[in-house]
Amino acid sequence: MRTHAQAVVIGGGVIGCSILYHLTKAGWTDVVLLERNELTSGSTWHAAANIHGLHDNNNITRIQNYTMDLYNALEAETGQSCGVFQPGSLYLAQTEAREHQLRLQAAKAKYYGLPFREVSRAEAEALHPMVNYDGIRCIMFEENGGNVDPSGVTNAYAVGARNAGAEIVRFCPVTGTEQQPDGSWIVRTEKGDIHTQWVVNAAGLWGREVAALAGLRLPLQPTEHQYFVTETIAEIAGMDRRLPSVADRDGEYYLRQEGKGLLIGAYEKALKYWAEDGTPLDFAHDLFPDDLERIEENMMRAIDRVPAVGEAGIKRVINGPMIWSPDSNVLFGPVPELRNYFCCNGIIPGFSQSGGMGLLAADWITTGETRYDMFAWDMARFGSWADEAFTKAKVGDQYANRFKIHFPNEERSAGRPMRQRPAYEAQAELGAVFGLNYGWEHPLYYGYPKGAADKTEGFTRQGWWAQVGKECHMLRDKAGIIDISNFAKYRVTGAGAESWLNSIFANNMPRSVGRSCLTPLIGVRGGIAGDFTVTRMAENEFWIIGSGMAERYHLRFFNAVALPEGTTFESLTEGMCGFNVAGPRSREMLQRMTNASLATPDFPFMRSQWIDISGVRCLALRVSFTGDLGWELHCDIADQARLFEALIAAGSEVGAGPVGSRALMSLRVEKGYGSWSREYSPEYWPQEVGLERLCKMDKDFLNKEAVAETMAKPAREHLVLLALDAGETDASNADATGGEPIFKDGRGIGRVTSGAYGYTVGQSLALGFVKGVSAGDEVDVMVLGRPHKAVVLAEPPFDPNGERLRA
């Protein structure tokens, strides 16, 4: 066994072997994989191994299709069979919401050139004559859907990696991982130690245990999961072709051909957790006792849809473990608080995603960043607040509702309420309905009975739509009070503060006290990794405000540049809260609460001051994400409830009141403002989102060379604001929400990143990236998967010249 390696991958399941293989493809051949037992031990060997390409997240769709395409190429390269069967998959919609989802996925498939299309009942019956299609509203067919052989795929990755020079050591448990002062690691095993630059935790069921060796706690929880295979069915035995699989997700089961019978699996409501206190170290190719009663309801629905299931005997039952994250997406990426420790844990659709995970892991490890924006997978989306109780509750909800549609804007209640700030009770008394943002409960909208939960259950406008409109009109006509405590807040102090910030951010830092600036943070590939407001509070003190849900993500960038001696960087997010007071009467309202002059000559736009608001000391910034006249007020968390009470009281005198984050979404889209993780992403270049003027190329900053390279190229596409025609069918009942393709003359030209109804401008609006069109051009936006006419706007419909913002 080698004693030195560029990377050590821990775990010999399909994901670990894929990462090893892709590292070699990226040129890292001095790599080692350590497996505690045999390859495929744990959860890989017994997986149903279905493969499908479509996902609600566009980038996950891209990597799932990469994975499906890879398997045949992998067979050809290695000579190792992957057991690929691709007879196609039939997707059935029993409900209107499912039909909307499938039609939207069909539109995305057309945009990406993927083989996914609607078929008639007659065509579906010809494809799979054993299915009863009664009650089905819509049928889609994915031509390359199917399944693979778990052991075959895993061993194909292993063969490919070995052929390129990688080493695989079986029956070699890892007993320790110790970080060295230079950032490298010692991986300890019973067969000897390996000194490596990177540790990759792909330990599957043992991901928690391996993480603990490095002092980490990962939010993961295993469950049992069952499927069964029938005896031979004569009708299948008599066929000269393989039947397509059936995705009847409204029926909450999956079904496909296995041999000459059928395989049926289910995610039951009465789930069973496993190994809550840790995965047994002697577990390997083990299964649990059969417990088909748990999935009886799901089985009966499968029998109703495919009667042959009920007539066939059961050949075998597989009841094995799988390990979940709180949102059922993988925990992926380098640990922000450690150097060179990579996680890839909690994978559910492993055989649909294995190739993409390996590809993107190799990207990140060898180049510093993935080619696609994968924040939906980034382990940094969870913090220490995602404790055992929260994880267990969320995993239970994810398992029991595995096939439930994840609607745009939907907030699920499992594991909540979570972290609450001091104003929570007062907001609840005012009828706030809360959402979850990086573990914090925050108001989505108001006007509901205390304790009401969000009831978003469709792609169309939901019950809260009208209430959000009232909040928008109140703010635009008078004023509104928005809780912005979710923003991440940092303070940098010391003689080296200015030089350090200038070496991180692309824009020049403010040179005079009280001034603020907007600045991009540039990613490794020259894209937009973040957008921040930086304010100079004193000669050697700066405050930074950015995306709250990205705080742990951005820590990787802040850690990339060493702090000068005597300079400190600290997060204030936990200890500070804030409100944005905005609207044409916001100055009048706030002036009653402070002795500081808020007149524009004394407090211009993009300036800041420490002021007292009704006796509460606040950092006041003259900015507003609403695009209206307004101030951000940041105070100590201990003062939040008192400040909120005072703002509500003062607001009532001018007709103002509380406004939730759903309204903020509408207001910022009316202004055409981008938002991090939607319009601002490492995938997008500064000149594509209108931030190129904020990249000061006459100074050195993080990843300057990369952005210089991208900015030397013409923009591939541009961020634009679209107004949809509300007179068309369905448009009056639905708005774009993000991810919808944009077509012109039947040709895919872009996709929506944010969408909302602009209540105060009377238009359904969408932000998105397009190519080959200009202001005034008409395009089709695929709302609900159907074309809706839209026009590219030359300027935002609200205050295009910024007159109210600077009033």
# chains A, B, ... in the order shown; residues from 1 in each chain; ligands from 1
>>> closest_atom_pairs(of="segment 256-304 of chain A", to="segment 142-153 of chain A", cutoff="10 Å", atoms="only C-alpha atoms", output="JSON lines")
{"residue": "A:Arg256", "atom": "CA", "partner": "A:Gly146", "partner_atom": "CA", "distance": 8.0}
{"residue": "A:Gln257", "atom": "CA", "partner": "A:Gly146", "partner_atom": "CA", "distance": 9.2}
{"residue": "A:Glu258", "atom": "CA", "partner": "A:Asn147", "partner_atom": "CA", "distance": 9.5}
>>> write_last_selection(atoms="N, CA and C atoms", output="compact mmCIF listing (two decimals), in the first residue's frame")
# COMPACT_ATOMS: atom_id res chain seq x y z
N ARG A 256 -40.31 -1.56 -12.13
CA ARG A 256 -39.58 -1.83 -13.37
C ARG A 256 -39.42 -3.33 -13.54
N GLN A 257 -39.01 -3.73 -14.73
CA GLN A 257 -38.76 -5.14 -15.00
C GLN A 257 -37.46 -5.57 -14.33
N GLU A 258 -37.46 -6.76 -13.76
CA GLU A 258 -36.26 -7.40 -13.22
C GLU A 258 -36.29 -8.85 -13.64
>>> residues_around(residues="Asn298 of chain A", least_positions_apart="3", cutoff="12 Å", atoms="only C-alpha atoms", output="list in words")
Gln226, Tyr227, Asp248, Arg249, Asp250, Gly251, Glu252, Tyr253, Tyr254, Leu255, Ile264, Gly265, Ala266, Tyr267, Glu268, Lys269, Ala270, Leu292, Glu293, Arg294, Ile295, Arg301, Ala302, Ile303, Asp304, Arg305, Val309, Ala400 and Phe403 of chain A
>>> select_by_dssp(residues="segment 328-390 of chain A", states="alpha helix (DSSP H)", output="PDB file with N, CA and C atoms, in the first residue's frame")
ATOM      1  N   GLY A 350     -28.176   7.327  -6.130  1.00  0.00           N
ATOM      2  CA  GLY A 350     -26.755   7.223  -6.427  1.00  0.00           C
ATOM      3  C   GLY A 350     -26.428   6.805  -7.840  1.00  0.00           C
ATOM      4  N   PHE A 351     -27.247   5.921  -8.435  1.00  0.00           N
ATOM      5  CA  PHE A 351     -26.891   5.441  -9.774  1.00  0.00           C
ATOM      6  C   PHE A 351     -27.354   6.391 -10.866  1.00  0.00           C
ATOM      7  N   SER A 352     -28.239   7.343 -10.536  1.00  0.00           N
ATOM      8  CA  SER A 352     -28.549   8.414 -11.481  1.00  0.00           C
ATOM      9  C   SER A 352     -27.530   9.537 -11.408  1.00  0.00           C
ATOM     10  N   GLN A 353     -26.787   9.608 -10.287  1.00  0.00           N
ATOM     11  CA  GLN A 353     -25.920  10.765 -10.058  1.00  0.00           C
ATOM     12  C   GLN A 353     -24.447  10.419  -9.878  1.00  0.00           C
ATOM     13  N   SER A 354     -24.095   9.139  -9.855  1.00  0.00           N
ATOM     14  CA  SER A 354     -22.723   8.766  -9.497  1.00  0.00           C
ATOM     15  C   SER A 354     -21.678   9.396 -10.402  1.00  0.00           C
ATOM     16  N   GLY A 355     -21.918   9.353 -11.703  1.00  0.00           N
ATOM     17  CA  GLY A 355     -20.938   9.910 -12.629  1.00  0.00           C
ATOM     18  C   GLY A 355     -20.772  11.401 -12.448  1.00  0.00           C
ATOM     19  N   GLY A 356     -21.890  12.112 -12.324  1.00  0.00           N
ATOM     20  CA  GLY A 356     -21.832  13.560 -12.122  1.00  0.00           C
ATOM     21  C   GLY A 356     -21.165  13.937 -10.827  1.00  0.00           C
ATOM     22  N   MET A 357     -21.445  13.176  -9.761  1.00  0.00           N
ATOM     23  CA  MET A 357     -20.781  13.462  -8.482  1.00  0.00           C
ATOM     24  C   MET A 357     -19.282  13.265  -8.593  1.00  0.00           C
ATOM     25  N   GLY A 358     -18.870  12.201  -9.250  1.00  0.00           N
ATOM     26  CA  GLY A 358     -17.442  11.982  -9.434  1.00  0.00           C
ATOM     27  C   GLY A 358     -16.795  13.079 -10.248  1.00  0.00           C
ATOM     28  N   LEU A 359     -17.462  13.484 -11.316  1.00  0.00           N
ATOM     29  CA  LEU A 359     -16.946  14.539 -12.188  1.00  0.00           C
ATOM     30  C   LEU A 359     -16.780  15.848 -11.425  1.00  0.00           C
ATOM     31  N   LEU A 360     -17.829  16.239 -10.681  1.00  0.00           N
ATOM     32  CA  LEU A 360     -17.794  17.524  -9.992  1.00  0.00           C
ATOM     33  C   LEU A 360     -16.870  17.492  -8.778  1.00  0.00           C
ATOM     34  N   ALA A 361     -16.779  16.333  -8.112  1.00  0.00           N
ATOM     35  CA  ALA A 361     -15.813  16.223  -7.010  1.00  0.00           C
ATOM     36  C   ALA A 361     -14.396  16.397  -7.532  1.00  0.00           C
ATOM     37  N   ALA A 362     -14.094  15.763  -8.657  1.00  0.00           N
ATOM     38  CA  ALA A 362     -12.765  15.913  -9.253  1.00  0.00           C
ATOM     39  C   ALA A 362     -12.522  17.351  -9.687  1.00  0.00           C
ATOM     40  N   ASP A 363     -13.550  17.992 -10.251  1.00  0.00           N
ATOM     41  CA  ASP A 363     -13.450  19.418 -10.576  1.00  0.00           C
ATOM     42  C   ASP A 363     -12.983  20.210  -9.361  1.00  0.00           C
ATOM     43  N   TRP A 364     -13.729  20.052  -8.268  1.00  0.00           N
ATOM     44  CA  TRP A 364     -13.514  20.879  -7.082  1.00  0.00           C
ATOM     45  C   TRP A 364     -12.144  20.621  -6.465  1.00  0.00           C
ATOM     46  N   ILE A 365     -11.777  19.341  -6.375  1.00  0.00           N
ATOM     47  CA  ILE A 365     -10.518  18.983  -5.725  1.00  0.00           C
ATOM     48  C   ILE A 365      -9.316  19.422  -6.556  1.00  0.00           C
ATOM     49  N   THR A 366      -9.384  19.251  -7.876  1.00  0.00           N
ATOM     50  CA  THR A 366      -8.202  19.516  -8.712  1.00  0.00           C
ATOM     51  C   THR A 366      -8.129  20.948  -9.221  1.00  0.00           C
ATOM     52  N   THR A 367      -9.281  21.649  -9.315  1.00  0.00           N
ATOM     53  CA  THR A 367      -9.264  23.018  -9.849  1.00  0.00           C
ATOM     54  C   THR A 367      -9.741  24.058  -8.860  1.00  0.00           C
ATOM     55  N   GLU A 388     -29.213  16.551  15.698  1.00  0.00           N
ATOM     56  CA  GLU A 388     -29.756  15.209  15.515  1.00  0.00           C
ATOM     57  C   GLU A 388     -31.275  15.212  15.433  1.00  0.00           C
ATOM     58  N   ALA A 389     -31.933  16.002  16.298  1.00  0.00           N
ATOM     59  CA  ALA A 389     -33.398  16.026  16.302  1.00  0.00           C
ATOM     60  C   ALA A 389     -33.943  16.590  14.992  1.00  0.00           C
ATOM     61  N   PHE A 390     -33.343  17.691  14.527  1.00  0.00           N
ATOM     62  CA  PHE A 390     -33.777  18.288  13.265  1.00  0.00           C
ATOM     63  C   PHE A 390     -33.539  17.316  12.116  1.00  0.00           C
TER      64      PHE A 390
END
>>> atom_distance(atom1="atom CA of Asn486 of chain A", atom2="atom CA of Arg412 of chain A")
18.5 Å
>>> residues_around(residues="Gly261 of chain A", least_positions_apart="2", cutoff="6 Å", atoms="only C-alpha atoms", output="PyMOL selection string")
chain A and resi 230-233+257-259
>>> write_last_selection(atoms="C-alpha atoms", output="PDB file, in the first residue's frame")
ATOM      1  CA  THR A 230     -41.886 -11.051  -8.260  1.00  0.00           C
ATOM      2  CA  GLU A 231     -41.663 -14.532  -9.661  1.00  0.00           C
ATOM      3  CA  THR A 232     -41.622 -14.909 -13.448  1.00  0.00           C
ATOM      4  CA  ILE A 233     -44.680 -13.361 -15.116  1.00  0.00           C
ATOM      5  CA  GLN A 257     -38.760  -5.142 -14.997  1.00  0.00           C
ATOM      6  CA  GLU A 258     -36.261  -7.400 -13.223  1.00  0.00           C
ATOM      7  CA  GLY A 259     -35.428 -10.593 -15.056  1.00  0.00           C
TER       8      GLY A 259
END
>>> residues_around(residues="segment 690-699 of chain A", least_positions_apart="6", cutoff="8 Å", atoms="only C-alpha atoms", output="PyMOL selection string")
chain A and resi 506-508+518-520+708+711+719
>>> closest_residue(among="A:Phe532, A:Phe171, A:Trp198, A:Trp377", to="Phe505 of chain A", atoms="only C-alpha atoms")
A:Phe532
>>> residues_around(residues="Ile637 of chain A", least_positions_apart="2", cutoff="6 Å", atoms="only C-alpha atoms", output="list in words")
Gly575, Met576, Cys577, Asp639 and Gln640 of chain A
